[in-house]
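Here's the structure we're looking at; comments come further down.
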Amino acid sequence: MTDRALDVVEFLLTARVYERNTDLDENDLPPAVRSALWDGDGVPRPPKATGEAVANATGIDDPWDEVASLMFTEQDSFSGHIRLVDDDMAMEWYADRATPDRIQANPALASVYEGDFEGVDHEAARDANRPMQADPQWIDGLLEEMFDEDDEEMLDLVEVQAPAEIETTLEDLVLTDEQQAETAKVSKAIEHRDYLAKVGLVEVGKLLFVGPPGTGKTSTARGLAHRLDLPFVEVKLSMITSQYLGETAKNVEKVFEVAKRLAPCVLFIDEFDFVAKTRTSDEHAAIKRAVNTLLKAIDEMSLVKDDVLLIGATNHPDELDAAVWRRFDEILSFPKPTEPMRADIIRIVTRGIEVEDFDPEEIAANTDGLTGSDLRLVLREAVLDALVEDRTTLSQSDLLTAIESFEERDHLRNLDSLEEAVETEEGDGHDHAHAHD
Ligand SMILES: Nc1ncnc2c1ncn2[C@@H]1O[C@H](COP(=O)(O)OP(=O)(O)O)[C@@H](O)[C@H]1O
Ligand SMILES: [Mg+2]
């Protein structure tokens, strides 16, 4: 008997248990099963366990082939649905083959096998299961419900990713000791937020990431959501100005409502310096109102009460005033990488590419002042240059050449943005691309 048969039987059993036991809800289904059985705004009873649903949940193309020889399964020759014809026999067959860990990963099954296996506990299984609020289907449904067609601008302002859609992981990032310590601390705080609530420690869960562009602020926030298995809600504050002015404050409120409805989740507010700018300059009153709404919403939001981890990010800490700083519990610095960090970053970004005579330390020694994002651009340049010569392998000298041309271009760009900086001082003040680095 194959593991694949076990996968298919587990799916069929899960659907059956869910159908029979009305005390269970969608959060008792493992995410893959839930998403395969999802229909409209939930998983119906009985669930539609079509062959396609089985294939979607298990990744097995011809599920019937795997279980055709079992006594307790049947395929409807007309609809192609696979069914259990003898639940007890299926239960027994599964219990003989599944490990307690496997059962514990499936809250619906944990509810029926609780007591039969050591370490199988329904309540704990349910707590550890990813909630449906983190499924792409649920998120899409919520966004559709909250924003009608007139709200198209709203979707420019806020972007939501389900944890399964987040590709950035913390393992792909080279973090400073402080950054590692802080991400570990936040992960623990989220895990134990019930305890924090009980002891009345509510001043946790609002972080501000500070550092030059390209130092990994956005990636770290995403990676954190990935590690915590939480949806990632991203807001770009500069988009506020592109909104219908009259609606701006209302839209800010909606962003926070989205975050609360998706909770537990990570709410990432990028370009936080925008707040400070509007407080000092004579911006349109509607924008000032929106910013005040934002600050108030931040004050009222809490990780412990609302299950929302709030992360702000700014490239321009010098523009933030005391009123903004004190709203965050923790400031985390994103400096430009040191030489050893650059060597590590180079090793990571070249993973999967063959480099002859590869010497990451030499690259690191030659890239003082470059960020993680710059190093990625250097690599891209080297890869493209090699492709021009029809090569798909790189050499150390390709990388060194790419560094030189990157630095030449960077020099020109800086000259450019110096001029821009002078202009924007007098102009609308929104383009802060490289004015400060
Ligand atoms: N410390 C780092 N380690 C690995 N990659 C990095 C690091 N910093 C930046 N990068 C890479 O540079 C790119 C841009 O980073 P990003 O997170 O957008 O920076 P920021 O938000 O600070 O401007 C990402 O693709 C990321 O992988
Ligand atoms: Mg960013």
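Ligands are numbered from 1 in the order shown, residues from 1 within each chain, and chains are lettered A, B, ... in the order they appear in the structure tokens.
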| If you run DSSP on the backbone, which residues of segment 199-334 of chain A are helix (DSSP H, G or I), as an MDAnalysis selection string? | chainID A and resid 217:228 237:242 245:262 273:280 285:300 303:306 317:319 322:325
| query | What's the 8 Å shell around Ala32 of chain A, counting only C-alpha atoms, without same-chain residues fewer than 6 positions away, as a list in words? | reply | Asn56, Ala57 and Thr58 of chain A
| task | Pick out the closest residue to ligand 2 from this set: A:Arg376, A:His284, A:His411, A:Lys236. Count only C-alpha atoms and all ligand atoms. | result |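 Nearest to ligand 2: A:Lys236.
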| query | Between atom CA of Leu310 of chain A and atom CA of Pro31 of chain A, what is the distance, to one decimal in Å? | reply |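 Taking atom CA of Leu310 of chain A and atom CA of Pro31 of chain A, their separation equals 24.9 Å.
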| said: Could you list, as number ranges by chain, all protein and nucleic acid residues with an atom at most 7 Å from ligand 1, counting only C-alpha atoms and all ligand atoms? | reply: A: 172-175, 211-220, 337, 345, 371-374, 376
Write the residues of the selection above to a file with all heavy atoms, as a short mmCIF file (atom, residue, chain, number, x, y, z; two decimals), in the first residue's frame.
```cif
data_model
loop_
_atom_site.label_atom_id
_atom_site.label_comp_id
_atom_site.auth_asym_id
_atom_site.auth_seq_id
_atom_site.Cartn_x
_atom_site.Cartn_y
_atom_site.Cartn_z
N ASP A 172 16.16 33.26 3.67
CA ASP A 172 16.81 33.86 2.49
C ASP A 172 17.45 35.20 2.81
O ASP A 172 17.99 35.85 1.93
CB ASP A 172 15.77 34.09 1.37
CG ASP A 172 15.19 32.79 0.88
OD1 ASP A 172 15.88 31.76 0.96
OD2 ASP A 172 14.03 32.79 0.42
N LEU A 173 17.32 35.64 4.05
CA LEU A 173 17.82 36.97 4.39
C LEU A 173 18.99 36.87 5.35
O LEU A 173 19.01 36.01 6.23
CB LEU A 173 16.71 37.79 5.04
CG LEU A 173 15.52 38.08 4.14
CD1 LEU A 173 14.38 38.68 4.94
CD2 LEU A 173 15.92 39.02 3.01
N VAL A 174 19.94 37.77 5.19
CA VAL A 174 21.05 37.84 6.13
C VAL A 174 20.72 38.94 7.12
O VAL A 174 20.63 40.12 6.76
CB VAL A 174 22.37 38.17 5.38
CG1 VAL A 174 23.51 38.29 6.37
CG2 VAL A 174 22.65 37.09 4.35
N LEU A 175 20.48 38.55 8.36
CA LEU A 175 20.02 39.51 9.37
C LEU A 175 21.12 39.81 10.39
O LEU A 175 21.96 38.95 10.67
CB LEU A 175 18.78 38.95 10.09
CG LEU A 175 17.58 38.61 9.22
CD1 LEU A 175 16.44 38.04 10.04
CD2 LEU A 175 17.10 39.85 8.46
N GLY A 211 15.79 52.23 8.08
CA GLY A 211 17.06 52.04 7.37
C GLY A 211 16.95 52.43 5.91
O GLY A 211 15.85 52.61 5.40
N PRO A 212 18.10 52.57 5.25
CA PRO A 212 18.10 53.00 3.85
C PRO A 212 17.34 52.01 2.95
O PRO A 212 17.14 50.86 3.34
CB PRO A 212 19.59 53.03 3.47
CG PRO A 212 20.36 52.64 4.66
CD PRO A 212 19.44 52.32 5.77
N PRO A 213 16.94 52.46 1.73
CA PRO A 213 16.23 51.58 0.81
C PRO A 213 17.08 50.34 0.48
O PRO A 213 18.30 50.44 0.42
CB PRO A 213 16.07 52.42 -0.46
CG PRO A 213 16.37 53.82 -0.08
CD PRO A 213 17.16 53.80 1.18
N GLY A 214 16.44 49.21 0.30
CA GLY A 214 17.14 48.01 -0.16
C GLY A 214 17.85 47.23 0.92
O GLY A 214 18.66 46.36 0.63
N THR A 215 17.56 47.52 2.19
CA THR A 215 18.26 46.82 3.27
C THR A 215 17.42 45.69 3.86
O THR A 215 17.79 45.12 4.89
CB THR A 215 18.64 47.80 4.41
OG1 THR A 215 17.49 48.58 4.74
CG2 THR A 215 19.77 48.71 3.97
N GLY A 216 16.29 45.38 3.24
CA GLY A 216 15.55 44.19 3.65
C GLY A 216 14.37 44.44 4.58
O GLY A 216 13.87 43.49 5.20
N LYS A 217 13.88 45.67 4.67
CA LYS A 217 12.77 45.94 5.59
C LYS A 217 11.50 45.22 5.14
O LYS A 217 10.88 44.49 5.93
CB LYS A 217 12.53 47.46 5.68
CG LYS A 217 13.72 48.22 6.26
CD LYS A 217 13.45 49.70 6.38
CE LYS A 217 13.27 50.39 5.04
NZ LYS A 217 14.45 50.31 4.17
N THR A 218 11.12 45.44 3.89
CA THR A 218 9.91 44.79 3.39
C THR A 218 10.07 43.27 3.41
O THR A 218 9.17 42.55 3.84
CB THR A 218 9.61 45.26 1.94
OG1 THR A 218 9.49 46.68 1.94
CG2 THR A 218 8.32 44.64 1.43
N SER A 219 11.24 42.79 2.98
CA SER A 219 11.45 41.34 2.93
C SER A 219 11.37 40.72 4.32
O SER A 219 10.83 39.62 4.48
CB SER A 219 12.81 41.00 2.32
OG SER A 219 13.00 41.68 1.13
N THR A 220 11.91 41.41 5.32
CA THR A 220 11.88 40.87 6.68
C THR A 220 10.44 40.81 7.20
O THR A 220 10.03 39.82 7.82
CB THR A 220 12.76 41.71 7.62
OG1 THR A 220 14.08 41.72 7.09
CG2 THR A 220 12.79 41.13 9.02
N PRO A 337 24.61 46.49 4.93
CA PRO A 337 25.29 45.28 5.42
C PRO A 337 26.81 45.48 5.58
O PRO A 337 27.43 46.20 4.80
CB PRO A 337 24.99 44.24 4.35
CG PRO A 337 24.58 44.99 3.14
CD PRO A 337 23.99 46.28 3.61
N ILE A 345 25.25 37.46 1.86
CA ILE A 345 24.16 37.80 0.92
C ILE A 345 24.52 37.30 -0.48
O ILE A 345 23.70 36.71 -1.18
CB ILE A 345 23.89 39.32 0.91
CG1 ILE A 345 23.35 39.77 2.28
CG2 ILE A 345 22.90 39.68 -0.20
CD1 ILE A 345 23.16 41.26 2.42
N THR A 371 23.86 47.76 -0.72
CA THR A 371 22.85 47.07 0.09
C THR A 371 22.56 45.69 -0.49
O THR A 371 23.05 45.36 -1.58
CB THR A 371 21.53 47.86 0.08
OG1 THR A 371 21.06 47.90 -1.28
CG2 THR A 371 21.71 49.26 0.61
N GLY A 372 21.74 44.92 0.20
CA GLY A 372 21.31 43.62 -0.30
C GLY A 372 20.65 43.73 -1.66
O GLY A 372 20.88 42.92 -2.56
N SER A 373 19.84 44.78 -1.78
CA SER A 373 19.15 44.98 -3.05
C SER A 373 20.15 45.33 -4.17
O SER A 373 20.04 44.83 -5.29
CB SER A 373 18.11 46.07 -2.85
OG SER A 373 17.79 46.68 -4.03
N ASP A 374 21.17 46.14 -3.85
CA ASP A 374 22.22 46.47 -4.82
C ASP A 374 22.94 45.19 -5.27
O ASP A 374 23.23 45.02 -6.47
CB ASP A 374 23.26 47.42 -4.22
CG ASP A 374 22.68 48.79 -3.88
OD1 ASP A 374 21.65 49.16 -4.50
OD2 ASP A 374 23.24 49.47 -3.00
N ARG A 376 21.84 42.22 -5.39
CA ARG A 376 20.97 41.49 -6.31
C ARG A 376 21.06 42.07 -7.71
O ARG A 376 21.08 41.34 -8.70
CB ARG A 376 19.53 41.61 -5.84
CG ARG A 376 18.99 40.37 -5.26
CD ARG A 376 17.55 40.56 -4.83
NE ARG A 376 17.22 39.51 -3.91
CZ ARG A 376 16.91 38.27 -4.29
NH1 ARG A 376 16.84 37.97 -5.57
NH2 ARG A 376 16.67 37.34 -3.41
#
```
| query | With only C-alpha atoms as the atoms that count, which of A:Ile139, A:Ile298, A:Ala249, A:Leu207 lies nearest to Thr314 of chain A? | reply |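 For Thr314 of chain A, the nearest of the given residues is A:Leu207.
With only C-alpha atoms and all ligand atoms as the atoms that count, the minimum distance from ligand 2 to the choices A:Val266, A:Glu271, A:Thr293, A:Glu319 is reached by A:Glu271.
If you look at atom CA of Asp318 of chain A and atom CA of Val291 of chain A, they are 18.4 Å away from each other.
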| query | Between A:Leu142, A:Met301, A:Ala105, A:Ala365, which one has atoms that come closest to Ala124 of chain A, using only C-alpha atoms? | reply |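 Closest to Ala124 of chain A, using only C-alpha atoms: A:Ala105.
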| message | Which residues are near Pro30 of chain A? Cut-off 9 Å, only C-alpha atoms, ignore same chain within fewer than 3 positions. Put them as a list in words. | response |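 Surrounding residues, per the criterion: Glu26, Asn27, Val33, Arg34, Ser35, Ala105, Asn106, Pro107, Ala108, Asn129, Arg130 and Pro131 of chain A.
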| Quick one, how far is atom CA of Lys206 of chain A from atom CA of Asp329 of chain A? |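 Atom-to-atom, atom CA of Lys206 of chain A to atom CA of Asp329 of chain A, that is 5.4 Å.
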| message | Which residues are close to Tyr94 of chain A, i.e. within 12 Å by only C-alpha atoms, leaving aside same-chain residues fewer than 3 positions away? Reply as a ChimeraX atom specification. | response | /A:1,3,5-14,70,72,87-91,97-100,102-103,109,112-113
Selection from above, C-alpha atoms, as a tab-separated table (two decimals), in the first residue's frame, can you write it?
```tsv
chain	number	residue	atom	x	y	z
A	1	MET	CA	0.00	0.00	0.00
A	3	ASP	CA	1.52	6.69	0.98
A	5	ALA	CA	-3.44	5.66	-0.87
A	6	LEU	CA	-3.11	6.91	2.68
A	7	ASP	CA	-3.37	10.52	1.44
A	8	VAL	CA	-6.54	9.77	-0.53
A	9	VAL	CA	-8.18	7.82	2.30
A	10	GLU	CA	-7.30	10.58	4.75
A	11	PHE	CA	-9.01	13.12	2.53
A	12	LEU	CA	-12.15	11.00	2.18
A	13	LEU	CA	-12.28	10.31	5.90
A	14	THR	CA	-11.79	13.98	6.74
A	70	LEU	CA	-9.44	-1.19	-1.21
A	72	PHE	CA	-14.18	0.19	1.49
A	87	ASP	CA	-16.70	4.15	7.33
A	88	ASP	CA	-15.65	1.83	10.16
A	89	MET	CA	-13.43	-0.21	7.93
A	90	ALA	CA	-11.85	2.96	6.55
A	91	MET	CA	-11.28	4.31	10.07
A	97	ARG	CA	-1.16	3.16	9.04
A	98	ALA	CA	-1.17	6.80	10.19
A	99	THR	CA	1.27	8.12	12.80
A	100	PRO	CA	0.01	10.19	15.75
A	102	ARG	CA	-0.02	12.87	11.08
A	103	ILE	CA	-3.39	12.64	12.82
A	109	LEU	CA	-9.46	13.41	12.49
A	112	VAL	CA	-12.31	11.11	16.33
A	113	TYR	CA	-8.99	9.45	17.24
```
| query | Per DSSP on the backbone, what are the strand (DSSP E or B) residues of segment 207-423 of chain A, as a PyMOL selection string? | reply | chain A and resi 207-210+232-236+265-270+308-314+330-333+355-356+394-395
| request: Rank nothing, just name the residue among A:Leu201, A:Met132, A:Ala68, A:Leu237 nearest to ligand 2, using only C-alpha atoms and all ligand atoms. | output: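 Among A:Leu201, A:Met132, A:Ala68, A:Leu237, it is A:Leu237 that comes nearest to ligand 2.
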| said: So that I can see what lies close to Val43 of chain A, please list as a list in words the residues with an atom at most 12 Å from it, counting only C-alpha atoms and leaving out residues fewer than 3 positions away in the same chain. | reply: Ala15, Tyr18, Glu19, Thr22, Leu24, Asp25, Glu26, Asn27, Asp28, Leu29, Pro31, Val33, Arg34, Ser35, Ala36, Leu37, Trp38, Asp39, Gly40, Pro46, Pro47, Lys48, Ala49, Met132, Gln137 and Trp138 of chain A
Store the residues of this selection in a file with N, CA, C and O atoms, as a short mmCIF file (atom, residue, chain, number, x, y, z; two decimals), in the first residue's frame.
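This went into result-v9.cif:
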```
data_model
loop_
_atom_site.label_atom_id
_atom_site.label_comp_id
_atom_site.auth_asym_id
_atom_site.auth_seq_id
_atom_site.Cartn_x
_atom_site.Cartn_y
_atom_site.Cartn_z
N ALA A 15 -13.41 14.42 5.01
CA ALA A 15 -14.67 14.96 4.48
C ALA A 15 -15.86 14.31 5.17
O ALA A 15 -16.85 14.97 5.51
N TYR A 18 -16.22 15.52 8.85
CA TYR A 18 -16.74 16.89 8.84
C TYR A 18 -18.24 16.89 8.56
O TYR A 18 -19.02 17.61 9.19
N GLU A 19 -18.65 16.04 7.63
CA GLU A 19 -20.07 15.97 7.25
C GLU A 19 -20.92 15.50 8.44
O GLU A 19 -21.99 16.04 8.71
N THR A 22 -21.42 17.95 13.29
CA THR A 22 -21.74 19.36 13.04
C THR A 22 -21.12 20.29 14.09
O THR A 22 -21.24 21.50 13.98
N LEU A 24 -18.01 20.43 14.33
CA LEU A 24 -16.78 20.87 13.67
C LEU A 24 -17.09 22.01 12.71
O LEU A 24 -18.20 22.10 12.18
N ASP A 25 -16.12 22.90 12.49
CA ASP A 25 -16.30 23.90 11.45
C ASP A 25 -15.07 23.91 10.53
O ASP A 25 -14.19 23.06 10.66
N GLU A 26 -15.03 24.88 9.64
CA GLU A 26 -13.98 24.91 8.62
C GLU A 26 -12.57 24.93 9.23
O GLU A 26 -11.62 24.43 8.62
N ASN A 27 -12.43 25.50 10.42
CA ASN A 27 -11.11 25.56 11.03
C ASN A 27 -10.64 24.22 11.60
O ASN A 27 -9.53 24.11 12.11
N ASP A 28 -11.50 23.18 11.48
CA ASP A 28 -11.06 21.83 11.84
C ASP A 28 -10.48 21.09 10.64
O ASP A 28 -10.05 19.95 10.77
N LEU A 29 -10.54 21.73 9.47
CA LEU A 29 -10.00 21.08 8.28
C LEU A 29 -8.59 21.59 7.99
O LEU A 29 -8.35 22.79 8.07
N PRO A 31 -5.64 23.14 5.86
CA PRO A 31 -5.81 24.11 4.79
C PRO A 31 -6.00 23.50 3.40
O PRO A 31 -6.85 23.95 2.63
N VAL A 33 -7.25 20.59 2.50
CA VAL A 33 -8.56 19.95 2.39
C VAL A 33 -9.64 21.03 2.30
O VAL A 33 -10.53 21.00 1.44
N ARG A 34 -9.51 22.03 3.20
CA ARG A 34 -10.50 23.10 3.24
C ARG A 34 -10.57 23.81 1.89
O ARG A 34 -11.65 24.07 1.37
N SER A 35 -9.41 24.08 1.34
CA SER A 35 -9.42 24.85 0.11
C SER A 35 -9.96 24.02 -1.05
O SER A 35 -10.64 24.54 -1.94
N ALA A 36 -9.74 22.70 -1.04
CA ALA A 36 -10.28 21.84 -2.10
C ALA A 36 -11.79 21.69 -1.99
O ALA A 36 -12.49 21.51 -2.99
N LEU A 37 -12.33 21.81 -0.78
CA LEU A 37 -13.76 21.61 -0.57
C LEU A 37 -14.53 22.93 -0.48
O LEU A 37 -15.75 22.95 -0.34
N TRP A 38 -13.80 24.03 -0.55
CA TRP A 38 -14.42 25.35 -0.39
C TRP A 38 -15.44 25.61 -1.49
O TRP A 38 -15.18 25.32 -2.66
N ASP A 39 -16.58 26.16 -1.12
CA ASP A 39 -17.60 26.46 -2.12
C ASP A 39 -18.31 27.74 -1.70
O ASP A 39 -19.04 27.75 -0.72
N GLY A 40 -18.09 28.83 -2.43
CA GLY A 40 -18.72 30.11 -2.09
C GLY A 40 -18.11 30.68 -0.83
O GLY A 40 -17.00 31.19 -0.86
N PRO A 46 -23.32 17.99 2.81
CA PRO A 46 -22.04 17.28 2.70
C PRO A 46 -21.08 18.03 1.78
O PRO A 46 -21.53 18.71 0.86
N PRO A 47 -19.79 17.91 2.01
CA PRO A 47 -18.82 18.56 1.12
C PRO A 47 -18.80 17.87 -0.25
O PRO A 47 -19.15 16.69 -0.34
N LYS A 48 -18.45 18.61 -1.26
CA LYS A 48 -18.40 18.02 -2.61
C LYS A 48 -17.03 17.39 -2.85
O LYS A 48 -16.12 18.00 -3.39
N ALA A 49 -16.92 16.11 -2.46
CA ALA A 49 -15.63 15.42 -2.58
C ALA A 49 -15.47 14.80 -3.96
O ALA A 49 -15.42 13.58 -4.11
N MET A 132 -8.90 29.50 8.64
CA MET A 132 -9.38 29.79 7.28
C MET A 132 -9.18 31.26 6.91
O MET A 132 -9.10 31.58 5.74
N GLN A 137 -8.76 32.02 -0.64
CA GLN A 137 -10.18 32.15 -0.99
C GLN A 137 -10.92 33.05 -0.01
O GLN A 137 -11.73 33.88 -0.38
N TRP A 138 -10.62 32.85 1.26
CA TRP A 138 -11.30 33.64 2.29
C TRP A 138 -10.92 35.11 2.16
O TRP A 138 -11.75 36.00 2.26
#
```
| query | With only C-alpha atoms as the atoms that count, which of A:Phe209, A:Tyr195, A:Trp64, A:Phe147 lies nearest to Ser333 of chain A? | reply |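 Of A:Phe209, A:Tyr195, A:Trp64, A:Phe147, the one nearest Ser333 of chain A is A:Phe209, counting only C-alpha atoms.
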